[in-house]
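Student: Quick one, work.pdb (PDB, C-alpha atoms):
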MODEL        1
ATOM      1  CA  MET A   5      84.463  72.945-129.545
ATOM      2  CA  SER A   6      85.161  72.214-125.865
ATOM      3  CA  ASP A   7      81.557  70.941-125.598
ATOM      4  CA  ILE A   8      82.306  68.338-128.298
ATOM      5  CA  VAL A   9      85.550  67.256-126.652
ATOM      6  CA  ASN A  10      83.831  67.017-123.273
ATOM      7  CA  LYS A  11      80.962  64.920-124.644
ATOM      8  CA  GLU A  12      83.308  62.563-126.456
ATOM      9  CA  ASN A  13      85.042  61.889-123.137
ATOM     10  CA  LEU A  14      81.818  61.063-121.304
ATOM     11  CA  SER A  15      80.907  57.509-120.382
ATOM     12  CA  ASP A  16      78.322  55.647-122.419
ATOM     13  CA  GLU A  17      75.852  55.921-119.584
ATOM     14  CA  GLN A  18      76.328  59.703-119.396
ATOM     15  CA  LEU A  19      75.741  59.941-123.137
ATOM     16  CA  VAL A  20      72.529  57.963-122.712
ATOM     17  CA  GLU A  21      71.356  60.486-120.122
ATOM     18  CA  LEU A  22      72.189  63.368-122.473
ATOM     19  CA  THR A  23      70.390  61.612-125.340
ATOM     20  CA  LEU A  24      67.266  61.356-123.213
ATOM     21  CA  GLU A  25      67.382  65.136-122.854
ATOM     22  CA  ASN A  26      68.514  65.982-126.397
ATOM     23  CA  GLN A  27      68.188  63.490-129.253
ATOM     24  CA  GLU A  28      71.106  65.076-131.143
ATOM     25  CA  ASP A  29      73.485  63.680-128.518
ATOM     26  CA  PHE A  30      72.690  60.193-129.828
ATOM     27  CA  LEU A  31      75.245  60.932-132.548
ATOM     28  CA  TYR A  32      78.026  60.561-129.978
ATOM     29  CA  LEU A  33      76.894  57.009-129.235
ATOM     30  CA  ILE A  34      76.618  56.249-132.955
ATOM     31  CA  ASN A  35      80.140  57.542-133.556
ATOM     32  CA  ARG A  36      81.470  55.496-130.642
ATOM     33  CA  TYR A  37      79.808  52.225-131.659
ATOM     34  CA  GLU A  38      79.402  52.357-135.425
ATOM     35  CA  ALA A  39      82.680  50.646-136.344
ATOM     36  CA  LYS A  40      82.509  48.136-133.463
ATOM     37  CA  LEU A  41      78.987  46.993-134.202
ATOM     38  CA  ALA A  42      79.594  46.880-137.963
ATOM     39  CA  ARG A  43      82.631  44.664-137.348
ATOM     40  CA  TYR A  44      80.564  42.422-135.054
ATOM     41  CA  ILE A  45      77.782  42.114-137.642
ATOM     42  CA  LYS A  46      80.280  41.214-140.360
ATOM     43  CA  ARG A  47      82.004  38.650-138.164
ATOM     44  CA  ILE A  48      78.912  36.892-136.949
ATOM     45  CA  ALA A  49      76.681  37.197-140.010
ATOM     46  CA  GLY A  50      79.269  37.398-142.753
ATOM     47  CA  LEU A  51      77.301  40.024-144.633
ATOM     48  CA  GLY A  52      78.656  42.245-147.376
ATOM     49  CA  LYS A  53      79.258  45.955-146.858
ATOM     50  CA  GLU A  54      75.826  47.174-147.987
ATOM     51  CA  ASP A  55      73.899  44.533-146.044
ATOM     52  CA  THR A  56      76.017  45.237-142.976
ATOM     53  CA  GLU A  57      75.291  48.966-143.256
ATOM     54  CA  ASP A  58      71.567  48.286-143.658
ATOM     55  CA  LEU A  59      71.503  46.018-140.625
ATOM     56  CA  LEU A  60      73.594  48.492-138.634
ATOM     57  CA  GLN A  61      71.074  51.222-139.438
ATOM     58  CA  GLU A  62      68.302  48.966-138.106
ATOM     59  CA  VAL A  63      70.365  48.356-134.966
ATOM     60  CA  PHE A  64      70.778  52.064-134.260
ATOM     61  CA  ILE A  65      67.080  52.651-134.866
ATOM     62  CA  LYS A  66      66.271  49.929-132.297
ATOM     63  CA  ILE A  67      68.791  51.323-129.826
ATOM     64  CA  TYR A  68      67.302  54.796-130.163
ATOM     65  CA  GLN A  69      63.716  53.575-129.943
ATOM     66  CA  ASN A  70      64.501  51.626-126.764
ATOM     67  CA  ILE A  71      66.950  53.982-125.075
ATOM     68  CA  ASN A  72      64.347  54.858-122.440
ATOM     69  CA  ASN A  73      64.362  51.188-121.423
ATOM     70  CA  PHE A  74      68.149  50.965-121.061
ATOM     71  CA  ASP A  75      68.930  49.076-117.841
ATOM     72  CA  LYS A  76      71.526  51.161-116.044
ATOM     73  CA  ASP A  77      72.701  48.024-114.198
ATOM     74  CA  LEU A  78      74.131  46.770-117.505
ATOM     75  CA  LYS A  79      77.006  48.186-119.466
ATOM     76  CA  PHE A  80      75.724  50.129-122.447
ATOM     77  CA  SER A  81      78.068  48.162-124.706
ATOM     78  CA  SER A  82      76.506  44.867-123.581
ATOM     79  CA  TRP A  83      73.049  46.277-124.200
ATOM     80  CA  ALA A  84      74.010  47.568-127.657
ATOM     81  CA  TYR A  85      75.619  44.240-128.575
ATOM     82  CA  ARG A  86      72.471  42.449-127.353
ATOM     83  CA  ILE A  87      70.290  44.507-129.674
ATOM     84  CA  THR A  88      72.765  43.870-132.490
ATOM     85  CA  HIS A  89      72.725  40.146-131.702
ATOM     86  CA  ASN A  90      68.909  40.105-131.892
ATOM     87  CA  GLU A  91      68.912  41.943-135.212
ATOM     88  CA  VAL A  92      71.509  39.553-136.676
ATOM     89  CA  ILE A  93      69.468  36.538-135.539
ATOM     90  CA  ASP A  94      66.266  38.051-136.986
ATOM     91  CA  ASN A  95      68.073  38.763-140.246
ATOM     92  CA  TYR A  96      69.523  35.227-140.276
ATOM     93  CA  ARG A  97      66.061  33.705-139.805
ATOM     94  CA  LYS A  98      64.623  35.828-142.609
ATOM     95  CA  LYS A  99      67.364  34.770-144.984
ATOM     96  CA  GLN A 100      67.526  31.149-143.854
ATOM     97  CA  SER A 101      65.525  30.103-146.887
ATOM     98  CA  ARG A 102      68.229  31.709-149.031
ATOM     99  CA  PRO A 103      71.501  30.612-147.398
ATOM    100  CA  GLN A 104      74.572  32.570-148.358
ATOM    101  CA  GLU A 105      78.248  31.824-147.969
ATOM    102  CA  MET A 106      79.575  33.771-144.997
ATOM    103  CA  THR A 107      82.951  35.483-144.997
ATOM    104  CA  PHE A 108      85.105  36.186-141.975
ATOM    105  CA  ASP A 109      88.205  38.148-141.087
ATOM    106  CA  ALA A 110      90.402  35.081-141.455
ATOM    107  CA  GLU A 111      93.630  36.720-140.234
ATOM    108  CA  ASN A 112      92.128  37.825-136.892
ATOM    109  CA  ILE A 113      90.339  34.527-136.435
ATOM    110  CA  LEU A 114      93.496  32.634-137.260
ATOM    111  CA  ASN A 115      95.632  34.505-134.731
ATOM    112  CA  ASN A 116      93.050  34.201-131.963
ATOM    113  CA  ILE A 117      92.353  30.544-132.605
ATOM    114  CA  ILE A 118      96.019  29.619-132.876
ATOM    115  CA  SER A 119      96.697  31.120-129.462
ATOM    116  CA  GLU A 120      93.549  29.673-127.852
ATOM    117  CA  PHE A 121      93.832  26.171-129.245
ATOM    118  CA  ASN A 122      97.625  25.973-128.865
ATOM    119  CA  ILE A 123      98.037  25.201-132.540
ATOM    120  CA  SER A 124     101.647  25.130-133.632
ATOM    121  CA  LYS A 125     102.750  28.501-134.958
ATOM    122  CA  GLU A 126     104.768  26.637-137.572
ATOM    123  CA  LEU A 127     101.632  25.721-139.496
ATOM    124  CA  ASP A 128     101.311  27.162-142.943
ATOM    125  CA  HIS A 129      99.247  30.242-142.114
ATOM    126  CA  LYS A 130      98.015  30.670-145.664
ATOM    127  CA  TYR A 131      96.751  27.099-145.771
ATOM    128  CA  LEU A 132      94.987  27.479-142.440
ATOM    129  CA  GLN A 133      93.634  30.943-143.296
ATOM    130  CA  ALA A 134      92.103  29.622-146.475
ATOM    131  CA  ASN A 135      90.122  27.107-144.436
ATOM    132  CA  ILE A 136      89.128  29.173-141.377
ATOM    133  CA  SER A 137      86.076  30.762-142.997
ATOM    134  CA  GLN A 138      84.942  27.382-144.221
ATOM    135  CA  VAL A 139      85.308  25.880-140.740
ATOM    136  CA  LEU A 140      83.448  28.766-139.068
ATOM    137  CA  ASN A 141      80.727  28.580-141.706
ATOM    138  CA  SER A 142      80.142  24.960-140.852
ATOM    139  CA  LEU A 143      79.680  25.607-137.112
ATOM    140  CA  ASP A 144      76.259  25.837-135.524
ATOM    141  CA  LEU A 145      75.284  29.524-135.250
ATOM    142  CA  LYS A 146      75.239  29.411-131.434
ATOM    143  CA  TYR A 147      78.847  28.181-131.418
ATOM    144  CA  ARG A 148      80.067  30.534-134.133
ATOM    145  CA  GLU A 149      78.535  33.410-132.206
ATOM    146  CA  VAL A 150      80.279  32.677-128.897
ATOM    147  CA  LEU A 151      83.622  32.192-130.654
ATOM    148  CA  VAL A 152      83.228  35.564-132.373
ATOM    149  CA  LEU A 153      82.257  37.314-129.127
ATOM    150  CA  LYS A 154      85.052  35.714-127.097
ATOM    151  CA  PHE A 155      87.961  35.634-129.517
ATOM    152  CA  LEU A 156      87.267  38.395-132.023
ATOM    153  CA  GLU A 157      85.261  40.915-130.039
ATOM    154  CA  GLU A 158      87.332  39.975-126.955
ATOM    155  CA  LYS A 159      84.338  40.121-124.628
ATOM    156  CA  GLU A 160      84.538  38.797-121.084
ATOM    157  CA  TYR A 161      82.225  36.008-119.954
ATOM    158  CA  LYS A 162      80.017  38.482-118.049
ATOM    159  CA  GLU A 163      79.515  40.630-121.140
ATOM    160  CA  ILE A 164      78.803  37.589-123.315
ATOM    161  CA  SER A 165      76.289  36.512-120.683
ATOM    162  CA  ASP A 166      74.592  39.926-120.848
ATOM    163  CA  ILE A 167      74.612  39.984-124.664
ATOM    164  CA  LEU A 168      73.215  36.482-125.086
ATOM    165  CA  LYS A 169      71.023  36.636-121.960
ATOM    166  CA  LYS A 170      72.416  33.330-120.769
ATOM    167  CA  PRO A 171      73.968  32.465-117.398
ATOM    168  CA  MET A 172      77.763  32.660-117.255
ATOM    169  CA  GLY A 173      77.954  28.894-116.699
ATOM    170  CA  THR A 174      76.023  28.356-119.920
ATOM    171  CA  VAL A 175      78.359  30.745-121.724
ATOM    172  CA  ALA A 176      81.373  28.781-120.474
ATOM    173  CA  THR A 177      79.743  25.539-121.642
ATOM    174  CA  LEU A 178      78.925  27.031-125.056
ATOM    175  CA  ILE A 179      82.492  28.235-125.511
ATOM    176  CA  SER A 180      83.855  24.842-124.513
ATOM    177  CA  ARG A 181      81.511  23.052-126.907
ATOM    178  CA  ALA A 182      82.267  25.590-129.653
ATOM    179  CA  LYS A 183      85.988  24.885-129.312
ATOM    180  CA  LYS A 184      85.337  21.155-129.522
ATOM    181  CA  GLN A 185      83.083  21.564-132.549
ATOM    182  CA  PHE A 186      85.647  23.840-134.195
ATOM    183  CA  LEU A 187      88.416  21.274-133.693
ATOM    184  CA  GLN A 188      86.135  18.469-134.883
ATOM    185  CA  LYS A 189      85.262  20.396-138.045
ATOM    186  CA  MET A 190      88.950  21.058-138.661
ATOM    187  CA  LYS A 191      89.627  17.319-138.415
ATOM    188  CA  GLU A 192      86.657  16.493-140.660
ATOM    189  CA  GLN A 193      87.952  18.917-143.260
ATOM    190  CA  GLU A 194      91.401  17.349-142.858
ATOM    191  CA  ILE A 195      93.028  20.522-141.669
ATOM    192  CA  LYS A 196      96.052  19.279-139.789
ATOM    193  CA  LEU A 197      96.716  20.626-136.303
TER     194      LEU A 197
ENDMDL
END
Can you turn what I pasted into structure tokens?
Tutor:
Amino acid sequence: MSDIVNKENLSDEQLVELTLENQEDFLYLINRYEAKLARYIKRIAGLGKEDTEDLLQEVFIKIYQNINNFDKDLKFSSWAYRITHNEVIDNYRKKQSRPQEMTFDAENILNNIISEFNISKELDHKYLQANISQVLNSLDLKYREVLVLKFLEEKEYKEISDILKKPMGTVATLISRAKKQFLQKMKEQEIKL
């Protein structure tokens, strides 16, 4: 039992090293990242539970298959999110011919966006919540993605840069443009700020 407790307290990078020696230790990484990556997939792709689980399984297969190539100069979380990002984009491209309505965690998005955009807290939250998913759905994928990473996954610019493989300046520009597009879409949909 102390072995389990000790392994659960190890850093991601230490768990990677153990996984390279014993594949069963990969379970510790799965347990650590399963909920986080599933939440990220749902937020960015808006998939249902079964599709999210299927995509998450593909993500963990890719992580395991490529664990020997893990760049120790990166944070494991950034690397795992990058693989997840790639799988979501691949999945999106495959399903592009059959577009689906995406759903989002409107309450979390609402709270993060209200604080970031300085929207009056006196707004009717239910009214705004009902429209948040619609607004996010209408954003370009590249903008929706950076908003999700920044405001829902609460990633720092450096991590977003690592995940998207874009320079930090580009990330800052994307976030700025995403905010502008979000506000523009809110105005277009006559959602009062």
Student: Could you state the separation of atom CA of Thr56 of chain A and atom CA of Leu41 of chain A in Å, given to one decimal place?
Tutor: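 About the pair atom CA of Thr56 of chain A and atom CA of Leu41 of chain A: they are 9.4 Å apart.
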Student: Please write as a short mmCIF file (atom, residue, chain, number, x, y, z; two decimals) with C-alpha atoms, in the coordinates of the input the full residue list that the PyMOL selection byres ((chain A and resi 21) around 12) yields on this file.
Tutor:
data_model
loop_
_atom_site.label_atom_id
_atom_site.label_comp_id
_atom_site.auth_asym_id
_atom_site.auth_seq_id
_atom_site.Cartn_x
_atom_site.Cartn_y
_atom_site.Cartn_z
CA LYS A 11 80.96 64.92 -124.64
CA LEU A 14 81.82 61.06 -121.30
CA SER A 15 80.91 57.51 -120.38
CA ASP A 16 78.32 55.65 -122.42
CA GLU A 17 75.85 55.92 -119.58
CA GLN A 18 76.33 59.70 -119.40
CA LEU A 19 75.74 59.94 -123.14
CA VAL A 20 72.53 57.96 -122.71
CA LEU A 22 72.19 63.37 -122.47
CA THR A 23 70.39 61.61 -125.34
CA LEU A 24 67.27 61.36 -123.21
CA GLU A 25 67.38 65.14 -122.85
CA ASN A 26 68.51 65.98 -126.40
CA GLN A 27 68.19 63.49 -129.25
CA GLU A 28 71.11 65.08 -131.14
CA ASP A 29 73.48 63.68 -128.52
CA PHE A 30 72.69 60.19 -129.83
CA TYR A 32 78.03 60.56 -129.98
CA LEU A 33 76.89 57.01 -129.24
CA ILE A 71 66.95 53.98 -125.08
CA ASN A 72 64.35 54.86 -122.44
CA ASN A 73 64.36 51.19 -121.42
CA PHE A 74 68.15 50.96 -121.06
CA ASP A 75 68.93 49.08 -117.84
CA LYS A 76 71.53 51.16 -116.04
CA PHE A 80 75.72 50.13 -122.45
#
Student: Name the residues in contact with segment 173-188 of chain A at a cut-off of 7 Å, using only C-alpha atoms, excluding same-chain residues fewer than 5 positions from it; report them as a list of chain:residue names.
Tutor: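 Skipping anything fewer than 5 positions along the chain leaves A:Val139, A:Leu143, A:Tyr147, A:Val150, A:Leu151, A:Tyr161, A:Ser165.
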Student: Hey, can you check how far atom CA of His89 of chain A sits from atom CA of Val63 of chain A?
Tutor: 9.1 Å
Student: When the PyMOL selection byres ((chain A and resi 55) around 12) is applied to the structure above, which residues does it catch, written out as a ChimeraX atom specification?
Tutor: /A:42,45-46,49-54,56-62,92,95-96,99
Student: Hey, can you pull every residue with an atom no more than 10 Å from (83.2, 20.1, -145.7), using all atoms listed in the file, and send it as an MDAnalysis selection string?
Tutor: chainID A and resid 135 138:139 141:142 189:190 192:194
Student: Suppose you want the space between atom CA of Asp166 of chain A and atom CA of Lys79 of chain A; what is it in Å?
Tutor: 8.7 Å
Student: With only C-alpha atoms as the basis for distance, which of A:Ile48, A:Met172, A:Val152, A:Ile34 is at the shortest distance from Ile93 of chain A?
Tutor: A:Ile48
Student: Given the PyMOL selection byres ((chain A and resi 164) around 10) and the file above, list the residues it selects as a list in words.
Tutor: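 Given this file, the PyMOL selection byres ((chain A and resi 164) around 10) evaluates to Ser82, Tyr85, Arg86, Glu149, Val150, Leu153, Lys154, Glu157, Glu158, Lys159, Glu160, Tyr161, Lys162, Glu163, Ser165, Asp166, Ile167, Leu168, Lys169, Lys170, Pro171, Met172, Val175 and Ala176 of chain A.
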